[in-house]
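Worksheet: one structure, shown below.
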Amino acid sequence: MIVPYTIAVAGKGGTGKTTISSLLVRALIGLGKAPVLAVDADPNANFHEALGVEVRENLGGMREDAFTKSIPAGMTRTEYIRFRFYQVLVEDDGFDLIAMGRPEGTGCYCFANDLLKTCMRLLERDYQFIIIDSEAGMEHISRGTIGIPDLLLIVSDPGARGLRTASRIIDIALDLGIDRSAMHLVFNRYKSGVAPAGVFEDAPLAVVPYDPAVEAADLAATPVSLVPEGSPAREAVKEMAIKLIEFADKKEKERVK
Ligand SMILES: Nc1ncnc2c1ncn2[C@@H]1O[C@H](COP(=O)(O)OP(=O)(O)OP(=O)(O)O)[C@@H](O)[C@H]1O
Ligand SMILES: [Mg+2]
């Protein structure tokens, strides 16, 4: 049984979390790391659009049914939950997608505390990577509906203001129990040729350039993760994916030691 490596992508609104998450899913598949599970943990879900798939239902809506309503005759609750999970799961080439929906709600969550983990167990799939497109406040992580990720990517504008927000996100993440060494900065929409330095002690894991193909995909409402090979953002995320695979391999080696 493979233990998936979980990467959450956080950052201030509009910094490029969804763009980078979706390019990362595609890059990992391209590097032979399928199947990948894409998790949309932003209530204003649009990860699926960036990946070019449709979502029927989200986990939040489904859990109301699965945990509170009476279940069909002849089915155990676990069977019913598994059945419903499969309805929420969107399957595509090399990846599956789950939209979490809103983290709040009523009903009994005793079984659903770590909703994603429960779901993963029931799905019995060997995902190598889980990529979580989080909202800025990381609500799902803070409420425990998704577990603590192995790695947190903090997407930021390279400017001083963006970096101040990145520092605040680091503080929130520390409070949530994420290790500082598991947090990495990603600069996005970088235009100048100069590497941003001196503003922040950490070197970014990746510097993703401004990419006209990403903007064009946005304007044409086509899936941004399918920008052509050679597009600057796609190539930069691929380089980052190679580093992330190394991190995951290292973690796996430590695990089996
Ligand atoms: N490298 C890039 N080059 C050009 N445009 C980009 C780049 N990255 C993101 N964008 C554009 O910036 C906008 C915001 O990107 P995106 O939706 O990925 O951000 P987000 O952080 O997920 O936003 P939200 O907080 O609303 O979820 C989009 O219009 C996207 O096309
Ligand atoms: Mg987004």
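Each chain in the structure tokens gets a letter, A, B, ..., in the order shown, and its residues are numbered from 1; ligands are numbered from 1 in order too.
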Which residues form the shell of 6 Å around ligand 1 when you count only C-alpha atoms and all ligand atoms, given as a list in words?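 With only C-alpha atoms and all ligand atoms and a cut-off of 6 Å, ligand 1 is contacted by Gly13, Gly14, Thr15, Gly16, Lys17, Thr18, Thr19, Asn188, Arg189, Val208, Pro209, Tyr210, Asp211, Pro212, Val214, Glu215, Asp218 and Ala233 of chain A.
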Hey, which bits of segment 53-151 of chain A sit within 7 Å of segment 29-40 of chain A, and for each residue what's the closest pair of atoms and how far apart in Å (one decimal), counting only C-alpha atoms, rows by chain and increasing number, as a tab-separated table?
```
residue	atom	partner	partner_atom	distance
A:Gly94	CA	A:Pro35	CA	4.8
A:Phe95	CA	A:Val36	CA	4.6
A:Asp96	CA	A:Leu37	CA	5.0
A:Leu97	CA	A:Ala38	CA	4.6
A:Ile98	CA	A:Val39	CA	4.9
A:Ala99	CA	A:Asp40	CA	4.5
A:Met100	CA	A:Asp40	CA	5.9
A:Tyr127	CA	A:Pro35	CA	5.1
A:Gln128	CA	A:Val36	CA	6.0
A:Phe129	CA	A:Val36	CA	5.0
A:Ile130	CA	A:Leu37	CA	4.7
A:Ile131	CA	A:Ala38	CA	5.0
A:Ile132	CA	A:Val39	CA	4.6
A:Asp133	CA	A:Asp40	CA	5.1
A:Ser134	CA	A:Asp40	CA	6.8
```
Assign secondary structure with DSSP using the backbone only, and return the residues of segment 26-193 of chain A in strand (DSSP E or B) as a PyMOL selection string. chain A and resi 36-41+90-92+95-99+129-134+151-156+183-190
One residue among A:Ala136, A:Ala73, A:Val25, A:Ala236 is nearest to ligand 2 when using only C-alpha atoms and all ligand atoms, and that residue is A:Ala136
Residues within 9 Å of Gly61 of chain A, please, as number ranges by chain. Count only C-alpha atoms; anything in the same chain fewer than 3 positions from it doesn't count. A: 57-58, 64-65, 100-102, 105
DSSP on the backbone, then: every residue of segment 48-244 of chain A marked alpha helix (DSSP H), written as a ChimeraX atom specification. /A:48-51,59-68,77-88,115-123,139-142,160-175,212-220,232-244
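From atom CA of Lys117 of chain A back to atom CA of Gly147 of chain A, the distance works out to 7.1 Å.
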Option closest in space to ligand 2, from A:His48, A:His140, A:His184, A:Lys253 [counting only C-alpha atoms and all ligand atoms]: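 Using only C-alpha atoms and all ligand atoms, ligand 2 sits closest to A:His48.
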Counting only C-alpha atoms and all ligand atoms, the option among A:Asp175, A:Glu246, A:Asp93, A:Glu135 closest to ligand 2: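 Using only C-alpha atoms and all ligand atoms, the shortest distance to ligand 2 belongs to A:Glu135.
Distances here use only C-alpha atoms and all ligand atoms; by that measure, the residue among A:Leu176, A:Leu244, A:Val224, A:Ile2 closest to ligand 2 is A:Val224.
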Residue contacts of Val237 of chain A (8 Å, only C-alpha atoms) excluding same-chain residues fewer than 2 positions away, as a VMD selection string: chain A and resid 20 23 to 24 27 206 208 233 to 235 239 to 241
Saved selection, atoms kept: N, CA and C atoms, as an mmCIF file, in the first residue's frame:
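This went into out20.cif:
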```cif
data_model
loop_
_atom_site.group_PDB
_atom_site.id
_atom_site.type_symbol
_atom_site.label_atom_id
_atom_site.label_comp_id
_atom_site.auth_asym_id
_atom_site.auth_seq_id
_atom_site.Cartn_x
_atom_site.Cartn_y
_atom_site.Cartn_z
ATOM 1 N N ILE A 20 -1.319 27.016 -10.070
ATOM 2 C CA ILE A 20 -0.131 26.218 -9.757
ATOM 3 C C ILE A 20 -0.521 24.801 -9.337
ATOM 4 N N LEU A 23 -1.347 22.907 -12.570
ATOM 5 C CA LEU A 23 -0.141 22.613 -13.362
ATOM 6 C C LEU A 23 0.683 21.531 -12.675
ATOM 7 N N LEU A 24 0.647 21.544 -11.344
ATOM 8 C CA LEU A 24 1.404 20.549 -10.575
ATOM 9 C C LEU A 24 0.809 19.149 -10.765
ATOM 10 N N ALA A 27 1.918 18.041 -14.116
ATOM 11 C CA ALA A 27 3.365 17.789 -14.168
ATOM 12 C C ALA A 27 3.691 16.448 -13.513
ATOM 13 N N ALA A 206 10.299 27.593 -5.996
ATOM 14 C CA ALA A 206 10.135 27.823 -7.434
ATOM 15 C C ALA A 206 9.804 29.288 -7.688
ATOM 16 N N VAL A 208 7.796 31.082 -10.535
ATOM 17 C CA VAL A 208 6.955 30.815 -11.709
ATOM 18 C C VAL A 208 6.735 32.144 -12.436
ATOM 19 N N ALA A 233 5.213 29.037 -17.365
ATOM 20 C CA ALA A 233 4.687 28.622 -16.058
ATOM 21 C C ALA A 233 4.686 27.100 -15.959
ATOM 22 N N ARG A 234 4.278 26.452 -17.034
ATOM 23 C CA ARG A 234 4.226 24.984 -17.042
ATOM 24 C C ARG A 234 5.623 24.389 -16.810
ATOM 25 N N GLU A 235 6.613 24.962 -17.470
ATOM 26 C CA GLU A 235 7.980 24.452 -17.318
ATOM 27 C C GLU A 235 8.499 24.679 -15.898
ATOM 28 N N GLU A 239 9.709 21.820 -13.116
ATOM 29 C CA GLU A 239 10.967 21.815 -12.345
ATOM 30 C C GLU A 239 10.675 21.643 -10.855
ATOM 31 N N MET A 240 9.644 22.350 -10.405
ATOM 32 C CA MET A 240 9.266 22.254 -8.990
ATOM 33 C C MET A 240 8.785 20.831 -8.666
ATOM 34 N N ALA A 241 8.023 20.246 -9.585
ATOM 35 C CA ALA A 241 7.496 18.892 -9.364
ATOM 36 C C ALA A 241 8.635 17.889 -9.189
#
```
Select, from A:Ile81, A:Ile148, A:Leu163, A:Ile242, the residue with the minimum atom-to-atom distance to Glu201 of chain A, counting only C-alpha atoms.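 Of A:Ile81, A:Ile148, A:Leu163, A:Ile242, the one nearest Glu201 of chain A is A:Leu163, counting only C-alpha atoms.
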For atom CA of Ile154 of chain A and atom CA of Arg26 of chain A, quote the distance in Å rounded to one decimal.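 Rounded to one decimal, the two atoms are 19.0 Å apart.
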